[in-house]
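Below is one structure; the comments refer to it alone.
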Amino acid sequence: MQEQLISIKQAALKLRCSLDTLRRWDKTGKLRSVRKQPRGHRYYIDEMIEKFLIESKDVLALAKKWMREKPQEPEAPFYCQNSMIFKTELARMEKRIAEVAEAREYFPLIVAIVGEIGNNSFDHNLGNWPDIPGIFFGYRMDQKVIVLADRGRGILQTLRNVKGDILNDKTALHIAFTEVISGRAPEARGNGLKFVRESVVKYPLKLFFQTGDAVLTLKTTESALHIVNTRTYLRGCLAMISF
């Protein structure tokens, strides 16, 4: 497939920067242009601009900000409105993470973990999104972090549909990562996050996961779940995978 080129003006509009900034980045190697002869005008590969947008921002801060603000869609290109868009972006991320030397031996597992968390958001909020449907999905390969977030009902409300006696977010988060709860066959809630937990423990990964006012942290070789309450309440779910 032929790479789509855009002009330097179009690239500047997408990146919200000046033409001089783009020329400077080209000279320093931060963001290279493509020169077309005979005049040698600068052009940019559109896909590379999209990658640069994703990988030049603090994706965790952006996700938290989006979850706290009044209802609005996340800024492009971090918004996956439906599961099909998410799968497309997940495949794009897989190509990028396959190029990271430290993750080459187990990057398919990271992709599976991200897929499980993202799919949970869509499956558990299907037809019940409180305001903005879909998820925030961003990553920084230079920092080796992947972030997902949604403004959904959260784990507590999701599990209460099949287990109504759960009292708080902390208990709900523990159950989600340790138990399989079946409401009706063949439905099984919680099995996916158990897979996430088992994978993080086995491989050099770290997981941060917040729902409501409960925060879970997990890393390699630590099978015990560390769940604490926080003063910052987030409706929905926020996850960061570090590798």
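Every chain in the structure tokens takes a letter, A first, then B, and so on in the order presented; its residues are numbered from 1, and the ligands are numbered from 1 following the presented order.
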
(request) Using only C-alpha atoms, determine which residues lie at most 7 Å from stretch 93-101 of chain A, disregarding the query and same-chain residues fewer than 3 positions distant; provide the list as a ChimeraX atom specification. (result) /A:89-90,104,107,111,141

File of the preceding selection, N, CA and C atoms, as a PDB file, in the first residue's frame:
```
ATOM      1  N   GLU A  89      -6.967  -0.113  16.055  1.00  0.00           N
ATOM      2  CA  GLU A  89      -5.884   0.593  16.740  1.00  0.00           C
ATOM      3  C   GLU A  89      -4.987  -0.375  17.515  1.00  0.00           C
ATOM      4  N   LEU A  90      -5.567  -1.448  18.013  1.00  0.00           N
ATOM      5  CA  LEU A  90      -4.773  -2.461  18.718  1.00  0.00           C
ATOM      6  C   LEU A  90      -3.792  -3.136  17.757  1.00  0.00           C
ATOM      7  N   ARG A 104      10.257  -7.856  22.614  1.00  0.00           N
ATOM      8  CA  ARG A 104      10.107  -8.741  21.450  1.00  0.00           C
ATOM      9  C   ARG A 104       9.733 -10.167  21.823  1.00  0.00           C
ATOM     10  N   PHE A 107       5.757  -9.588  23.411  1.00  0.00           N
ATOM     11  CA  PHE A 107       4.823  -8.537  23.016  1.00  0.00           C
ATOM     12  C   PHE A 107       3.438  -9.064  22.646  1.00  0.00           C
ATOM     13  N   VAL A 111      -0.159  -7.416  24.011  1.00  0.00           N
ATOM     14  CA  VAL A 111      -1.286  -7.090  23.137  1.00  0.00           C
ATOM     15  C   VAL A 111      -2.551  -7.788  23.627  1.00  0.00           C
ATOM     16  N   MET A 141       5.713   4.380  23.367  1.00  0.00           N
ATOM     17  CA  MET A 141       6.704   3.319  23.256  1.00  0.00           C
ATOM     18  C   MET A 141       8.052   3.738  23.822  1.00  0.00           C
TER      19      MET A 141
END
```

Distance table requested - stretch 33-130 of chain A against stretch 190-201 of chain A, cut-off 10 Å, only C-alpha atoms: one row per qualifying residue with the closest atom pair and its distance in Å to one decimal, ordered by chain and rising residue number, as CSV.
```
residue,atom,partner,partner_atom,distance
A:Leu109,CA,A:Ser199,CA,7.5
A:Ile110,CA,A:Ser199,CA,8.6
A:Ala112,CA,A:Val196,CA,8.6
A:Ile113,CA,A:Val196,CA,5.6
A:Val114,CA,A:Val196,CA,8.7
A:Gly115,CA,A:Gly192,CA,9.8
A:Glu116,CA,A:Gly192,CA,6.1
A:Ile117,CA,A:Leu193,CA,7.4
A:Asn119,CA,A:Gly192,CA,9.4
A:Asn120,CA,A:Gly192,CA,7.8
```

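On the backbone of this structure, DSSP gives strand (DSSP E) within stretch 27-120 of chain A to A:Val34, A:Arg35, A:Lys36, A:His41, A:Arg42, A:Tyr43, A:Tyr44, A:Ile45, A:Tyr79, A:Cys80.
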
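Residues in contact with A:Asn125 at 9 Å, where only C-alpha atoms are counted and same-chain residues fewer than 6 positions away are skipped, are listed as Pro133, Gly134, Gly152, Arg153, Gly154 and Thr158 of chain A.
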
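When only C-alpha atoms are used to measure the gap to A:Lys51, the shortest distance among A:Tyr139, A:Trp25, A:Tyr79, A:Trp66 belongs to A:Tyr139.
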
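Within the 9 Å cut-off around stretch 2-11 of chain A, using only C-alpha atoms and omitting residues fewer than 3 positions from it on the same chain, the listed residues are Lys14, Leu15, Arg16, Cys17, Ser18, Leu19, Leu22, Arg23, Ser33, Val34, His41, Arg42, Tyr43, Tyr44, Ile45, Asp46, Glu47 and Ile49 of chain A.
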
(request) Just list the residues in stretch 14-127 of chain A DSSP gives alpha helix (DSSP H) on the backbone, as a ChimeraX atom specification. (result) /A:14-15,19-28,46-54,59-68,83-97,107-125

(request) Write out as a list in words the residues lying within 12 Å of A:Arg140, counting only C-alpha atoms and excluding same-chain residues fewer than 3 positions away. (result) Lys51, Phe52, Leu53, Ile54, Glu55, Ser56, Lys57, Asp58, Val59, Leu60, Phe78, Met93, Arg96, Ile97, Val100, Phe137, Gln143, Lys144, Val145, Ile146, Val147, Met240, Ile241, Ser242 and Phe243 of chain A

Dump as a tab-separated table (two decimals), in the first residue's frame, selection limited to C-alpha atoms:
```
chain	number	residue	atom	x	y	z
A	51	LYS	CA	2.13	7.99	15.54
A	52	PHE	CA	3.89	11.18	16.59
A	53	LEU	CA	0.63	12.54	18.02
A	54	ILE	CA	0.19	9.44	20.14
A	55	GLU	CA	3.77	9.10	21.28
A	56	SER	CA	4.56	12.70	22.18
A	57	LYS	CA	2.01	13.21	24.97
A	58	ASP	CA	1.54	12.19	28.58
A	59	VAL	CA	-1.17	9.64	27.85
A	60	LEU	CA	-1.90	8.87	31.52
A	78	PHE	CA	-6.94	8.52	21.29
A	93	MET	CA	-0.08	-0.76	18.34
A	96	ARG	CA	4.81	-0.59	17.04
A	97	ILE	CA	5.47	-2.69	20.13
A	100	VAL	CA	10.65	-2.46	20.91
A	137	PHE	CA	-6.50	4.30	24.14
A	143	GLN	CA	8.29	5.34	27.95
A	144	LYS	CA	6.98	1.76	27.53
A	145	VAL	CA	3.49	2.53	28.80
A	146	ILE	CA	0.01	1.76	27.45
A	147	VAL	CA	-3.10	3.45	28.86
A	240	MET	CA	-1.84	1.53	32.67
A	241	ILE	CA	0.42	-1.32	31.60
A	242	SER	CA	4.18	-0.73	31.90
A	243	PHE	CA	6.73	-3.03	30.28
```

(request) Quick one: pull the distance between atom CA of A:Lys170 and atom CA of A:Lys87, Å, one decimal. (result) 29.6 Å

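With atom CA of A:Thr232 on one side and atom CA of A:Ala61 on the other, the separation reads 13.5 Å.
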
(request) Tell me which of A:Thr217, A:Thr21, A:Ser83, A:Ser223 sits closest to A:Thr178, counting only C-alpha atoms. (result) A:Ser223

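Comparing A:Ala63, A:Leu173, A:Leu205, A:Leu218 by their smallest distance to A:Gln157, the closest is A:Leu173 (using only C-alpha atoms).
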
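Residue nearest A:Gly118 within the list A:Leu167, A:Asp150, A:Ala76, A:Tyr106: A:Asp150 [criterion: smallest interatomic distance, only C-alpha atoms].
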
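Minimum distance to A:Gln72 across A:Ile135, A:Leu234, A:Leu225, A:Met84 (counting only C-alpha atoms) occurs at A:Ile135.
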
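If only C-alpha atoms are the atoms counted, then among A:Leu126, A:Ile132, A:Cys237, A:Ala214 the closest residue to A:Glu69 is A:Ile132.
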
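Picture a line from atom CA of A:Pro108 to atom CA of A:Tyr203; it runs 11.9 Å.
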